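To keep things clear, I will list the structure first and then write my remarks on it.
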Amino acid sequence: MRPELCWNPRSLAVRLGLIGLLTFAALGPQPLLAVALAEGNTGPGGGNSGPGNKGNDDKEKEKREKEERERREREERERREREERERREQERRKEEERRKEEDRRRQQPGNAVSPVNPGSPGSGPGPGSSGSPNNPVNSAPRSYYGQITVAASGQVLCGDTRVQSDSPWLRLAAPGMWLEAVGTWEGNTFKADEVQLRSPQAWSFYQGPASLVGAGQYQFVSAWLSTSRSAPFIALRAAPDQTPVRVVAYFDGSKLRAVPASFPAPPPGLKVGWVELTGTVGGQGLVWASAKAFP
């Protein structure tokens with residue numbers, strides 16, 4: 001038997017080794033590198049399926065959810081703001097229509113203001129008047145409605161319109177209140193035969209020791225009181241010392257409106273409506289001395 005035909009393990013290993021060397025020389029290291037990369041991507045911590053990439057996915061998901069929440073919150077906020085603007089616009093239009101209707105009603109000939117109780121619900125504040133100061137003399141009775149800007153030394157101004165009247169209501173006027181009057185124009189002066197204080201609807205007038213109404217910065221005051229706890233005074237002025245107690249308030253049948261709770265109930269026998277009371281302050285506090293209808 002020829003030696004080359006005999007199976008020799010050593011010679012076979014040598015031949016296989018030579019074949020491997022020749023293959024590596026021909027193809028280079030790329031196949032081996034590709035195999036290594038493939039094994040790395042599928043191994044622990046590598047590739048798209050590893051736990052490191054899962055953490056990135058969770059962060060991306062949280063980011064998207066946060067952006068979605070912020071978008072919804074922004075849309076909800078914009079919706080509320082839009083609804084608030086629409087509500088305010090509707091209120092403005094209603095107020096404008098109400099004022100126009102009020103002006104039309106007052107401009108109708110012979111539409112004088114009928115005397116009403118100023119403590120009862122009436123028309124709300126609104127600008128303008130049915131008369132006109134452009135006519136120097138206008139003898140026809142007209143109605144006037146305006147907000148008081150000055151009330152001092154017997155003068156009452158609503159803007160640049162002077163209101164004159166002998167009505168006791170005008171003597172109780174204070175800046176910020178709204179009045180309604182019937183009278184005639186003389187230049188820029190409205191001479192009123194009737195005056196009603198329309199707004200605020202709940203108020204009272206007080207003169208006397210400041211301590212009874214909580215105005216500690218004075219000794220005696222003239223005070224226009226409201227029902228608001230945050231703003232109890234419509235107006236407040238110092239009064240001469242030893243000013244006796246005087247109150248003008250609306251009596252609803254059981255109590256006086258817009259007066260401190262410490263004030264005693266009025267004497268029996270009064271009818272519902274505006275009343276004027278006088279009193280004294282002694283050891284037992286405020287005691288009413290007289291009470292009558294006002295004016």
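By order of appearance in the structure tokens: chains A, B, ..., then residues from 1 within every chain, and ligands from 1 in the order shown.
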
Distance table requested - stretch 220-255 of chain A against stretch 170-186 of chain A, cut-off 10 Å, only C-alpha atoms: one row per qualifying residue with the closest atom pair and its distance in Å to one decimal, ordered by chain and rising residue number, as a tab-separated table.
residue	atom	partner	partner_atom	distance
A:Ala223	CA	A:Ala174	CA	9.5
A:Trp224	CA	A:Ala174	CA	7.6
A:Ile234	CA	A:Gly176	CA	7.5
A:Ala235	CA	A:Ala174	CA	6.5
A:Leu236	CA	A:Ala174	CA	9.2
A:Val248	CA	A:Leu172	CA	9.0

Could you save those same residues with N, CA, C and O atoms as a PDB file, in the first residue's frame?
ATOM      1  N   ALA A 223     -71.189 109.230  58.916  1.00  0.00           N
ATOM      2  CA  ALA A 223     -70.810 108.010  58.207  1.00  0.00           C
ATOM      3  C   ALA A 223     -71.976 107.498  57.379  1.00  0.00           C
ATOM      4  O   ALA A 223     -73.114 107.473  57.844  1.00  0.00           O
ATOM      5  N   TRP A 224     -71.659 107.104  56.148  1.00  0.00           N
ATOM      6  CA  TRP A 224     -72.611 106.415  55.276  1.00  0.00           C
ATOM      7  C   TRP A 224     -72.220 104.944  55.312  1.00  0.00           C
ATOM      8  O   TRP A 224     -71.133 104.568  54.878  1.00  0.00           O
ATOM      9  N   ILE A 234     -69.419 103.699  53.004  1.00  0.00           N
ATOM     10  CA  ILE A 234     -69.527 104.305  51.678  1.00  0.00           C
ATOM     11  C   ILE A 234     -68.771 105.623  51.677  1.00  0.00           C
ATOM     12  O   ILE A 234     -68.072 105.957  50.728  1.00  0.00           O
ATOM     13  N   ALA A 235     -68.929 106.362  52.757  1.00  0.00           N
ATOM     14  CA  ALA A 235     -68.204 107.621  52.954  1.00  0.00           C
ATOM     15  C   ALA A 235     -68.080 107.850  54.454  1.00  0.00           C
ATOM     16  O   ALA A 235     -68.903 107.362  55.248  1.00  0.00           O
ATOM     17  N   LEU A 236     -67.047 108.585  54.851  1.00  0.00           N
ATOM     18  CA  LEU A 236     -66.782 108.816  56.268  1.00  0.00           C
ATOM     19  C   LEU A 236     -66.154 110.190  56.430  1.00  0.00           C
ATOM     20  O   LEU A 236     -65.178 110.512  55.752  1.00  0.00           O
ATOM     21  N   VAL A 248     -80.466 107.603  59.921  1.00  0.00           N
ATOM     22  CA  VAL A 248     -81.488 107.475  58.882  1.00  0.00           C
ATOM     23  C   VAL A 248     -81.255 106.124  58.224  1.00  0.00           C
ATOM     24  O   VAL A 248     -80.175 105.877  57.673  1.00  0.00           O
TER      25      VAL A 248
END

Item to complete: Quick one: everything within 6 Å of stretch 255-260 of chain A, counting only C-alpha atoms, minus sequence neighbours fewer than 4 positions away in the same chain. Send it as a PyMOL selection string.
Response: chain A and resi 203-204+226-227+250-251

Worksheet item: In Å to one decimal, how far is atom CA of A:Val247 from atom CA of A:Gln207?
Response: 6.5 Å

Fill in: Residue set, stretch 181-276 of chain A restricted to helix (DSSP H, G or I), as a PyMOL selection string
chain A and resi 210-213

Worksheet item: Would you give me, as a PyMOL selection string, the residues in stretch 191-265 of chain A that DSSP reads as strand (DSSP E)?
Response: chain A and resi 191-199+204-209+220-225+233-238+245-251
